[in-house]
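Novice: Okay, handing you the structure first.
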Amino acid sequence: MQFDSYGGEAARLAADLVNLTEAPRPADLEPLLAAHGVVNRRLTAAQAESVWTWSRRLAACFGRRDLDERCDAVNSLLADASSSPRISLHDGRPHLHYSATGADPAAHVRAVTAAGLAYVICSADAGRLGRCARRECALAFVDTSRNGRRAYCSVRCANNDAVARHRARLRGAERAGG
């Protein structure tokens, strides 16, 4: 599944922020933001804390959720991001930016991640905002597979879960047979 590069990439940024396990320092966020195309990524300690707090709210948008519940969560994020989309021509082609040029970097992250999640829900399928099915993992991910049935955050988790299920079946067969 091909998502619009801006909306889809922003949703993937949201998933990566959700997957942070502790409050990041500004230096920790810079490579993550760069990997998702965020240009203004120099945050202060207070802005990094703001992004951490925001990431905890983003978490409610991933995994098994009723559509109404997921839309309410994203609508709340959109309202709190308080941005005004703008058409930009900086690269010669019109496209949307979800915050003003020169906006506070944390405000920009809030605006693009909320808009990215909304984009996935409206343009693809809300179920594509998933959580890894491997019990020991549960990382958030954006399902970009063709059929939209991805259940794991990575091939590694899928393989580990398959091996665990296979070993459990073997143990069960051994107990039943002997």
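Here, A, B, ... name the chains of the structure tokens in the order displayed, residue numbers run from 1 inside each chain, and ligands are numbered from 1 in the same displayed order.
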Which residues come within 12 Å of segment 91-100 of chain A, counting only C-alpha atoms, excluding same-chain residues fewer than 4 positions away, as a count of residues only?
Specialist: 30
Novice: I want to know what sits within 12 Å of Asp28 of chain A, based on only C-alpha atoms, with residues of the same chain fewer than 6 positions away left out; could you give that as a list in words?
Specialist: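 The residues satisfying every condition are Leu17, Leu20, Glu22, Ala34, Arg41, Arg42, Leu43, Thr44, Ala45, Ala48, Glu49, Val51 and Trp52 of chain A.
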Novice: Suppose we keep N, CA, C and O atoms; can you now write the selection as a short mmCIF file (atom, residue, chain, number, x, y, z; two decimals), in the first residue's frame?
Specialist:
data_model
loop_
_atom_site.label_atom_id
_atom_site.label_comp_id
_atom_site.auth_asym_id
_atom_site.auth_seq_id
_atom_site.Cartn_x
_atom_site.Cartn_y
_atom_site.Cartn_z
N LEU A 17 7.29 7.34 17.74
CA LEU A 17 7.22 8.08 19.01
C LEU A 17 6.50 7.25 20.07
O LEU A 17 6.92 7.23 21.23
N LEU A 20 8.76 4.74 21.84
CA LEU A 20 9.81 5.18 22.77
C LEU A 20 9.50 4.60 24.15
O LEU A 20 8.34 4.58 24.57
N GLU A 22 11.18 5.55 27.05
CA GLU A 22 11.44 6.51 28.13
C GLU A 22 11.50 7.91 27.53
O GLU A 22 11.68 8.07 26.32
N ALA A 34 14.77 13.30 11.93
CA ALA A 34 15.43 13.38 10.62
C ALA A 34 15.03 12.21 9.74
O ALA A 34 14.78 12.37 8.53
N ARG A 41 14.35 20.21 13.65
CA ARG A 41 14.33 19.14 14.65
C ARG A 41 15.19 19.42 15.87
O ARG A 41 15.45 18.54 16.67
N ARG A 42 15.65 20.64 16.03
CA ARG A 42 16.42 21.01 17.22
C ARG A 42 15.44 21.42 18.31
O ARG A 42 14.86 22.50 18.24
N LEU A 43 15.27 20.57 19.29
CA LEU A 43 14.32 20.80 20.36
C LEU A 43 15.04 21.18 21.64
O LEU A 43 16.16 20.74 21.89
N THR A 44 14.37 21.96 22.44
CA THR A 44 14.86 22.25 23.80
C THR A 44 14.45 21.08 24.69
O THR A 44 13.66 20.21 24.28
N ALA A 45 14.94 21.06 25.91
CA ALA A 45 14.55 20.00 26.86
C ALA A 45 13.04 20.06 27.10
O ALA A 45 12.38 19.01 27.16
N ALA A 48 11.28 18.58 24.08
CA ALA A 48 11.43 17.12 24.06
C ALA A 48 10.46 16.49 25.06
O ALA A 48 9.84 15.46 24.77
N GLU A 49 10.31 17.11 26.22
CA GLU A 49 9.34 16.61 27.21
C GLU A 49 7.92 16.71 26.66
O GLU A 49 7.10 15.81 26.86
N VAL A 51 7.06 16.52 23.50
CA VAL A 51 6.92 15.45 22.50
C VAL A 51 6.70 14.11 23.20
O VAL A 51 5.89 13.30 22.77
N TRP A 52 7.40 13.88 24.31
CA TRP A 52 7.22 12.64 25.08
C TRP A 52 5.77 12.54 25.59
O TRP A 52 5.12 11.51 25.42
#
Novice: Which polymer residues have any atom within 12 Å of an atom of Asn160 of chain A, counting only C-alpha atoms, with same-chain residues fewer than 3 positions away left out, as a ChimeraX atom specification?
Specialist: /A:132-137,152-157,163-167
Novice: Need the shell around Ala35 of chain A: protein/DNA/RNA residues with any atom at most 12 Å away, counting only C-alpha atoms. Skip same-chain ones fewer than 5 positions apart. Format as an mmCIF file with all heavy atoms, in the first residue's frame?
Specialist:
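Result saved to out37.cif:
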data_model
loop_
_atom_site.group_PDB
_atom_site.id
_atom_site.type_symbol
_atom_site.label_atom_id
_atom_site.label_comp_id
_atom_site.auth_asym_id
_atom_site.auth_seq_id
_atom_site.Cartn_x
_atom_site.Cartn_y
_atom_site.Cartn_z
ATOM 1 N N GLU A 9 4.231 9.080 6.136
ATOM 2 C CA GLU A 9 5.475 9.233 6.898
ATOM 3 C C GLU A 9 5.198 9.828 8.266
ATOM 4 O O GLU A 9 5.809 9.451 9.263
ATOM 5 C CB GLU A 9 6.477 10.097 6.130
ATOM 6 C CG GLU A 9 7.867 10.019 6.667
ATOM 7 C CD GLU A 9 8.441 8.605 6.637
ATOM 8 O OE1 GLU A 9 8.255 7.903 5.642
ATOM 9 O OE2 GLU A 9 9.083 8.218 7.648
ATOM 10 N N ALA A 10 4.255 10.736 8.341
ATOM 11 C CA ALA A 10 3.893 11.335 9.630
ATOM 12 C C ALA A 10 3.256 10.292 10.548
ATOM 13 O O ALA A 10 3.503 10.293 11.754
ATOM 14 C CB ALA A 10 2.943 12.514 9.405
ATOM 15 N N ARG A 12 3.957 7.081 10.441
ATOM 16 C CA ARG A 12 5.082 6.230 10.871
ATOM 17 C C ARG A 12 5.892 6.925 11.965
ATOM 18 O O ARG A 12 6.376 6.280 12.894
ATOM 19 C CB ARG A 12 5.945 5.838 9.674
ATOM 20 C CG ARG A 12 5.268 4.781 8.804
ATOM 21 C CD ARG A 12 6.189 4.243 7.730
ATOM 22 N NE ARG A 12 6.382 5.176 6.633
ATOM 23 C CZ ARG A 12 5.585 5.266 5.576
ATOM 24 N NH1 ARG A 12 4.543 4.482 5.465
ATOM 25 N NH2 ARG A 12 5.823 6.125 4.625
ATOM 26 N N LEU A 13 6.037 8.241 11.877
ATOM 27 C CA LEU A 13 6.684 8.993 12.956
ATOM 28 C C LEU A 13 5.883 8.831 14.240
ATOM 29 O O LEU A 13 6.457 8.610 15.310
ATOM 30 C CB LEU A 13 6.818 10.475 12.582
ATOM 31 C CG LEU A 13 7.274 11.418 13.702
ATOM 32 C CD1 LEU A 13 8.641 11.014 14.252
ATOM 33 C CD2 LEU A 13 7.289 12.864 13.200
ATOM 34 N N ASP A 16 6.672 5.508 15.730
ATOM 35 C CA ASP A 16 8.007 5.490 16.343
ATOM 36 C C ASP A 16 8.035 6.254 17.664
ATOM 37 O O ASP A 16 8.725 5.858 18.606
ATOM 38 C CB ASP A 16 9.058 6.040 15.376
ATOM 39 C CG ASP A 16 9.419 5.055 14.280
ATOM 40 O OD1 ASP A 16 9.055 3.859 14.394
ATOM 41 O OD2 ASP A 16 10.078 5.477 13.311
ATOM 42 N N LEU A 29 16.009 12.650 20.022
ATOM 43 C CA LEU A 29 14.921 12.841 19.067
ATOM 44 C C LEU A 29 15.401 13.275 17.689
ATOM 45 O O LEU A 29 14.749 12.982 16.689
ATOM 46 C CB LEU A 29 13.913 13.864 19.601
ATOM 47 C CG LEU A 29 12.985 13.360 20.691
ATOM 48 C CD1 LEU A 29 12.166 14.506 21.266
ATOM 49 C CD2 LEU A 29 12.072 12.269 20.155
ATOM 50 N N GLU A 30 16.533 13.965 17.624
ATOM 51 C CA GLU A 30 16.989 14.506 16.336
ATOM 52 C C GLU A 30 17.111 13.460 15.240
ATOM 53 O O GLU A 30 16.578 13.655 14.149
ATOM 54 C CB GLU A 30 18.299 15.280 16.510
ATOM 55 C CG GLU A 30 18.054 16.676 17.037
ATOM 56 C CD GLU A 30 19.263 17.566 16.921
ATOM 57 O OE1 GLU A 30 19.911 17.572 15.858
ATOM 58 O OE2 GLU A 30 19.548 18.256 17.915
ATOM 59 N N ARG A 41 14.349 20.211 13.646
ATOM 60 C CA ARG A 41 14.326 19.143 14.650
ATOM 61 C C ARG A 41 15.194 19.423 15.871
ATOM 62 O O ARG A 41 15.448 18.537 16.667
ATOM 63 C CB ARG A 41 14.697 17.824 14.015
ATOM 64 C CG ARG A 41 16.003 17.827 13.274
ATOM 65 C CD ARG A 41 16.219 16.517 12.530
ATOM 66 N NE ARG A 41 17.401 16.581 11.721
ATOM 67 C CZ ARG A 41 17.438 16.936 10.453
ATOM 68 N NH1 ARG A 41 16.315 17.259 9.823
ATOM 69 N NH2 ARG A 41 18.568 16.976 9.797
#
